[in-house]
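**Student:** One file is attached below, start17.cif, containing mmCIF, C-alpha atoms.
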data_protein
loop_
_atom_site.group_PDB
_atom_site.id
_atom_site.type_symbol
_atom_site.label_atom_id
_atom_site.label_comp_id
_atom_site.auth_asym_id
_atom_site.auth_seq_id
_atom_site.Cartn_x
_atom_site.Cartn_y
_atom_site.Cartn_z
ATOM 1 C CA MET A 28 -21.825 -1.488 -1.884
ATOM 2 C CA GLY A 29 -21.924 2.171 -0.854
ATOM 3 C CA ALA A 30 -19.636 4.988 -1.955
ATOM 4 C CA ALA A 31 -17.576 4.653 1.236
ATOM 5 C CA ASP A 32 -16.837 1.023 0.324
ATOM 6 C CA THR A 33 -15.742 1.758 -3.247
ATOM 7 C CA PRO A 34 -12.106 0.710 -3.777
ATOM 8 C CA TYR A 35 -10.084 3.345 -5.529
ATOM 9 C CA ALA A 36 -6.553 4.166 -6.504
ATOM 10 C CA GLU A 37 -5.127 7.633 -6.918
ATOM 11 C CA LEU A 38 -3.693 7.484 -10.410
ATOM 12 C CA HIS A 39 -2.950 11.102 -11.065
ATOM 13 C CA CYS A 40 -2.948 14.259 -8.996
ATOM 14 C CA HIS A 41 -6.169 15.283 -10.744
ATOM 15 C CA SER A 42 -7.925 11.959 -11.245
ATOM 16 C CA THR A 43 -9.389 9.143 -9.168
ATOM 17 C CA PHE A 44 -10.678 6.054 -10.952
ATOM 18 C CA SER A 45 -12.837 3.252 -9.610
ATOM 19 C CA PHE A 46 -11.558 -0.289 -10.134
ATOM 20 C CA LEU A 47 -14.596 -2.262 -9.004
ATOM 21 C CA ASP A 48 -15.085 -4.086 -12.280
ATOM 22 C CA GLY A 49 -12.092 -3.051 -14.350
ATOM 23 C CA ALA A 50 -14.410 -1.679 -17.043
ATOM 24 C CA SER A 51 -14.010 1.914 -15.886
ATOM 25 C CA GLN A 52 -10.229 1.946 -16.251
ATOM 26 C CA PRO A 53 -8.802 4.845 -18.232
ATOM 27 C CA GLU A 54 -6.732 4.208 -21.345
ATOM 28 C CA GLU A 55 -3.840 6.385 -20.169
ATOM 29 C CA LEU A 56 -0.757 4.880 -18.497
ATOM 30 C CA PHE A 57 0.725 6.582 -15.459
ATOM 31 C CA ASP A 58 4.280 6.936 -14.165
ATOM 32 C CA LEU A 59 3.250 7.113 -10.499
ATOM 33 C CA ILE A 60 0.328 5.517 -8.679
ATOM 34 C CA LEU A 61 -0.558 5.488 -4.991
ATOM 35 C CA CYS A 62 -2.661 2.544 -3.826
ATOM 36 C CA ASP A 63 -3.582 3.314 -0.221
ATOM 37 C CA VAL A 64 -6.042 0.462 -0.112
ATOM 38 C CA PRO A 65 -8.955 -0.386 2.168
ATOM 39 C CA CYS A 66 -7.778 -2.729 4.919
ATOM 40 C CA SER A 67 -8.600 -4.159 8.344
ATOM 41 C CA GLY A 68 -7.066 -1.107 10.049
ATOM 42 C CA THR A 69 -5.286 -3.185 12.689
ATOM 43 C CA GLY A 70 -2.430 -0.677 12.701
ATOM 44 C CA THR A 71 -4.832 1.905 14.165
ATOM 45 C CA LEU A 72 -6.054 -0.157 17.140
ATOM 46 C CA ALA A 73 -4.488 2.254 19.632
ATOM 47 C CA ARG A 74 -6.635 5.099 18.273
ATOM 48 C CA ASN A 75 -9.616 2.944 17.278
ATOM 49 C CA PRO A 76 -10.019 0.222 19.926
ATOM 50 C CA GLU A 77 -13.534 -0.592 18.700
ATOM 51 C CA ILE A 78 -11.914 -2.375 15.737
ATOM 52 C CA ARG A 79 -10.931 -5.268 17.997
ATOM 53 C CA HIS A 80 -14.592 -5.863 18.944
ATOM 54 C CA ASN A 81 -15.741 -6.063 15.324
ATOM 55 C CA PHE A 82 -12.725 -7.806 13.786
ATOM 56 C CA GLN A 83 -13.231 -11.274 12.331
ATOM 57 C CA ALA A 84 -10.468 -13.423 10.833
ATOM 58 C CA GLU A 85 -12.518 -13.929 7.641
ATOM 59 C CA GLU A 86 -12.221 -10.195 7.062
ATOM 60 C CA LEU A 87 -8.509 -10.634 6.239
ATOM 61 C CA THR A 88 -9.316 -12.965 3.341
ATOM 62 C CA ARG A 89 -11.958 -10.590 1.983
ATOM 63 C CA GLN A 90 -9.711 -7.548 2.305
ATOM 64 C CA ALA A 91 -6.714 -9.324 0.749
ATOM 65 C CA GLN A 92 -8.790 -10.281 -2.304
ATOM 66 C CA ARG A 93 -10.065 -6.717 -2.585
ATOM 67 C CA GLN A 94 -6.499 -5.387 -2.316
ATOM 68 C CA ARG A 95 -5.226 -7.771 -5.009
ATOM 69 C CA THR A 96 -8.035 -6.690 -7.330
ATOM 70 C CA ILE A 97 -7.185 -3.016 -6.840
ATOM 71 C CA LEU A 98 -3.451 -3.609 -7.277
ATOM 72 C CA GLN A 99 -3.815 -5.753 -10.388
ATOM 73 C CA ALA A 100 -6.033 -3.128 -12.014
ATOM 74 C CA ALA A 101 -3.634 -0.338 -11.046
ATOM 75 C CA ILE A 102 -0.604 -2.227 -12.387
ATOM 76 C CA LYS A 103 -2.351 -2.496 -15.766
ATOM 77 C CA ARG A 104 -2.457 1.320 -15.845
ATOM 78 C CA LEU A 105 1.182 1.676 -14.740
ATOM 79 C CA ALA A 106 3.607 2.565 -17.522
ATOM 80 C CA PRO A 107 6.663 0.305 -17.953
ATOM 81 C CA GLY A 108 9.258 1.611 -15.493
ATOM 82 C CA GLY A 109 6.481 3.423 -13.608
ATOM 83 C CA ARG A 110 6.263 3.141 -9.849
ATOM 84 C CA LEU A 111 3.419 2.279 -7.542
ATOM 85 C CA VAL A 112 3.316 2.732 -3.776
ATOM 86 C CA TYR A 113 1.157 0.131 -2.048
ATOM 87 C CA SER A 114 0.180 1.078 1.486
ATOM 88 C CA THR A 115 -2.089 -0.089 4.284
ATOM 89 C CA CYS A 116 -2.669 0.760 7.930
ATOM 90 C CA SER A 117 -2.701 -2.958 8.685
ATOM 91 C CA LEU A 118 -0.219 -4.998 10.696
ATOM 92 C CA GLU A 119 -1.335 -8.237 9.070
ATOM 93 C CA PRO A 120 0.977 -10.066 6.627
ATOM 94 C CA GLU A 121 -2.123 -11.340 4.803
ATOM 95 C CA GLU A 122 -2.837 -7.744 3.737
ATOM 96 C CA ASN A 123 0.755 -6.716 3.174
ATOM 97 C CA GLU A 124 3.596 -9.033 2.189
ATOM 98 C CA GLN A 125 1.304 -11.850 1.116
ATOM 99 C CA VAL A 126 -0.683 -9.571 -1.213
ATOM 100 C CA VAL A 127 2.520 -8.182 -2.765
ATOM 101 C CA SER A 128 3.961 -11.682 -3.217
ATOM 102 C CA THR A 129 1.083 -12.613 -5.567
ATOM 103 C CA LEU A 130 1.813 -9.831 -8.056
ATOM 104 C CA THR A 131 3.462 -10.353 -11.432
ATOM 105 C CA GLY A 132 5.022 -7.819 -13.764
ATOM 106 C CA VAL A 133 6.529 -5.718 -10.957
ATOM 107 C CA ARG A 134 9.651 -5.685 -8.853
ATOM 108 C CA THR A 135 10.167 -4.216 -5.398
ATOM 109 C CA ILE A 136 12.317 -1.087 -5.103
ATOM 110 C CA PRO A 137 14.086 -0.919 -1.708
ATOM 111 C CA VAL A 138 12.409 1.718 0.433
ATOM 112 C CA GLU A 139 15.771 2.462 2.072
ATOM 113 C CA GLN A 140 16.853 4.574 -0.891
ATOM 114 C CA PHE A 141 13.802 6.813 -0.509
ATOM 115 C CA LEU A 142 14.345 7.270 3.231
ATOM 116 C CA GLU A 143 18.015 8.053 2.649
ATOM 117 C CA GLY A 144 16.989 10.667 0.073
ATOM 118 C CA LEU A 145 14.561 12.274 2.532
ATOM 119 C CA ILE A 146 17.306 12.441 5.146
ATOM 120 C CA ALA A 147 19.865 13.862 2.671
ATOM 121 C CA THR A 148 17.497 16.644 1.583
ATOM 122 C CA GLY A 149 16.491 17.509 5.157
ATOM 123 C CA ILE A 150 12.841 16.561 4.656
ATOM 124 C CA THR A 151 13.255 13.949 7.400
ATOM 125 C CA GLN A 152 15.392 14.724 10.426
ATOM 126 C CA SER A 153 18.559 12.644 10.558
ATOM 127 C CA GLU A 154 17.767 11.044 13.918
ATOM 128 C CA ALA A 155 14.194 10.136 12.956
ATOM 129 C CA GLY A 156 15.345 8.824 9.586
ATOM 130 C CA ALA A 157 18.072 6.727 11.185
ATOM 131 C CA THR A 158 15.516 5.256 13.590
ATOM 132 C CA LEU A 159 13.210 4.336 10.711
ATOM 133 C CA LEU A 160 16.068 2.819 8.707
ATOM 134 C CA ALA A 161 17.154 0.755 11.708
ATOM 135 C CA SER A 162 13.765 -0.406 12.958
ATOM 136 C CA ALA A 163 10.998 0.124 10.377
ATOM 137 C CA VAL A 164 12.568 -1.210 7.182
ATOM 138 C CA ARG A 165 12.369 -4.933 6.518
ATOM 139 C CA ASP A 166 12.519 -6.825 3.234
ATOM 140 C CA ASP A 167 12.633 -3.563 1.236
ATOM 141 C CA ALA A 168 9.341 -2.337 2.773
ATOM 142 C CA LEU A 169 8.461 0.198 5.455
ATOM 143 C CA ARG A 170 6.551 -1.063 8.465
ATOM 144 C CA THR A 171 5.842 1.217 11.418
ATOM 145 C CA LEU A 172 4.577 -0.222 14.680
ATOM 146 C CA PRO A 173 2.478 1.493 17.343
ATOM 147 C CA GLY A 174 4.416 1.804 20.585
ATOM 148 C CA VAL A 175 7.723 1.645 18.710
ATOM 149 C CA HIS A 176 7.570 4.494 16.203
ATOM 150 C CA GLY A 177 5.166 6.938 17.871
ATOM 151 C CA CYS A 178 2.517 6.559 15.163
ATOM 152 C CA ASP A 179 -0.024 4.093 13.818
ATOM 153 C CA GLY A 180 1.041 0.802 12.316
ATOM 154 C CA PHE A 181 1.637 1.240 8.635
ATOM 155 C CA PHE A 182 3.006 -0.797 5.721
ATOM 156 C CA ALA A 183 4.342 0.614 2.445
ATOM 157 C CA VAL A 184 6.248 -0.859 -0.457
ATOM 158 C CA VAL A 185 7.389 0.689 -3.741
ATOM 159 C CA LEU A 186 6.830 -1.429 -6.842
ATOM 160 C CA GLU A 187 8.170 -0.798 -10.341
ATOM 161 C CA ARG A 188 6.517 -2.197 -13.447
ATOM 162 C CA ILE A 189 8.755 -4.372 -15.587
ATOM 163 C CA ASP A 190 8.127 -5.559 -19.108
ATOM 164 C CA ILE A 191 7.368 -9.243 -19.207
#
Would you mind writing the file's structure down as structure tokens?
**Tutor:**
Amino acid sequence: MGAADTPYAELHCHSTFSFLDGASQPEELFDLILCDVPCSGTGTLARNPEIRHNFQAEELTRQAQRQRTILQAAIKRLAPGGRLVYSTCSLEPEENEQVVSTLTGVRTIPVEQFLEGLIATGITQSEAGATLLASAVRDDALRTLPGVHGCDGFFAVVLERIDI
């Protein structure tokens, strides 16, 4: 496996840790983690049409397992009450909702509250924010679609660690 294939999770603004084997995990717990995981990239087909020529259904199973491994390792480093954003540029439920549904020790935080906060502070324009709230939010997650939202297909969910 080359460096470009190494799964990683951004755990801190100054640190990136590899989670290939779990042995290299740091001891520190983090309040915020971004897991923008490797995926099939099907949300980028409009910009990367060559993906469709190389895509194989078995790839979804391999990527989903890889994503679960990264997420499970990241959750272990998440402080109780800490939040993790899981994101992909995939349109496939196997890499999105189905991966999230296998997790334990976390609960989903509705993404609507974050979008509403961005609108209220002016970071997101009201009209664009309203469009996202109406068409890109489903089951507490954000899902953009090419041809609908003027960008690549994207999935994001916010998870909070709970004490079990």
**Student:** Once the PyMOL selection byres ((chain A and resi 57) around 8) has been applied to the shown file, what residues remain in the selection, as a ChimeraX atom specification?
**Tutor:** /A:38-39,55-56,58-60,104-106,109
**Student:** Let me make sure I understand: among A:Val164, A:Ala157, A:Cys178, A:Ala183, which one has the smallest atom-to-atom distance to A:Val112 if we use only C-alpha atoms?
**Tutor:**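 When distances to A:Val112 are compared using only C-alpha atoms, the smallest one comes from A:Ala183.
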**Student:** Using only C-alpha atoms, can you tell me which of A:Ser114, A:Gln99, A:Asn75, A:Thr158 comes closest to A:Glu143?
**Tutor:**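 Ranked by minimum distance to A:Glu143, first place goes to A:Thr158.
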**Student:** Hey, can you check how far atom CA of A:Ser67 sits from atom CA of A:Gln83?
**Tutor:**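 Between these atoms lies a distance of 9.4 Å.
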**Student:** Find the spatial neighbours of A:Gly144, counting all atoms listed in the file, within a cut-off of 12 Å - ignore same-chain residues fewer than 4 positions away - and output them as a list in words.
**Tutor:** Val138, Glu139, Gln140, Thr148, Gly149, Ile150, Thr151, Gln152, Ser153, Gly156, Ala157 and Leu160 of chain A
**Student:** Since I can't run it myself right now, could you work out what the PyMOL selection byres ((chain A and resi 180) around 10) selects here and report it as JSON, numbers by chain?
**Tutor:** {"A": [68, 69, 70, 71, 72, 73, 115, 116, 117, 118, 119, 170, 171, 172, 173, 174, 175, 176, 177, 178, 179, 181, 182]}
**Student:** How would the residues just chosen look if you wrote them out with C-alpha atoms as a short mmCIF file (atom, residue, chain, number, x, y, z; two decimals), keeping the file's coordinate frame?
**Tutor:**
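Printed below is again-v9.cif as written:
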data_model
loop_
_atom_site.label_atom_id
_atom_site.label_comp_id
_atom_site.auth_asym_id
_atom_site.auth_seq_id
_atom_site.Cartn_x
_atom_site.Cartn_y
_atom_site.Cartn_z
CA GLY A 68 -7.07 -1.11 10.05
CA THR A 69 -5.29 -3.18 12.69
CA GLY A 70 -2.43 -0.68 12.70
CA THR A 71 -4.83 1.90 14.16
CA LEU A 72 -6.05 -0.16 17.14
CA ALA A 73 -4.49 2.25 19.63
CA THR A 115 -2.09 -0.09 4.28
CA CYS A 116 -2.67 0.76 7.93
CA SER A 117 -2.70 -2.96 8.68
CA LEU A 118 -0.22 -5.00 10.70
CA GLU A 119 -1.34 -8.24 9.07
CA ARG A 170 6.55 -1.06 8.46
CA THR A 171 5.84 1.22 11.42
CA LEU A 172 4.58 -0.22 14.68
CA PRO A 173 2.48 1.49 17.34
CA GLY A 174 4.42 1.80 20.58
CA VAL A 175 7.72 1.64 18.71
CA HIS A 176 7.57 4.49 16.20
CA GLY A 177 5.17 6.94 17.87
CA CYS A 178 2.52 6.56 15.16
CA ASP A 179 -0.02 4.09 13.82
CA PHE A 181 1.64 1.24 8.64
CA PHE A 182 3.01 -0.80 5.72
#
**Student:** So that all listed atoms of stretch 120-131 of chain A fit with 4 Å spare on each side, what axis-aligned box centre and edge lengths in Å, to one decimal, would you give as lines of an AutoDock Vina configuration file?
**Tutor:**
center_x = 0.6
center_y = -9.7
center_z = -2.4
size_x = 14.8
size_y = 13.9
size_z = 26.1
**Student:** Check which residues satisfy the PyMOL selection byres ((chain A and resi 121) around 9) in the file shown, then give them as a short mmCIF file (atom, residue, chain, number, x, y, z; two decimals) with C-alpha atoms, keeping the file's coordinate frame.
**Tutor:**
data_model
loop_
_atom_site.label_atom_id
_atom_site.label_comp_id
_atom_site.auth_asym_id
_atom_site.auth_seq_id
_atom_site.Cartn_x
_atom_site.Cartn_y
_atom_site.Cartn_z
CA LEU A 87 -8.51 -10.63 6.24
CA THR A 88 -9.32 -12.96 3.34
CA GLN A 90 -9.71 -7.55 2.31
CA ALA A 91 -6.71 -9.32 0.75
CA LEU A 118 -0.22 -5.00 10.70
CA GLU A 119 -1.34 -8.24 9.07
CA PRO A 120 0.98 -10.07 6.63
CA GLU A 122 -2.84 -7.74 3.74
CA ASN A 123 0.76 -6.72 3.17
CA GLU A 124 3.60 -9.03 2.19
CA GLN A 125 1.30 -11.85 1.12
CA VAL A 126 -0.68 -9.57 -1.21
#
**Student:** In Å, how far is it from atom CA of A:Ile78 to atom CA of A:Val127?
**Tutor:** 24.2 Å
**Student:** Within 12 Å of (4.4, -9.2, -11.1) (coordinates as in the file), grab all the protein and nucleic acid residues, counting only C-alpha atoms, and write them out as a PyMOL selection string.
**Tutor:** chain A and resi 95+98-99+101-103+105+107+126-135+186-191
**Student:** Work out how far atom CA of A:Phe141 is from atom CA of A:Val184, in Å to one decimal.
**Tutor:**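 So the two atoms, atom CA of A:Val184 and atom CA of A:Phe141, lie 10.8 Å apart.
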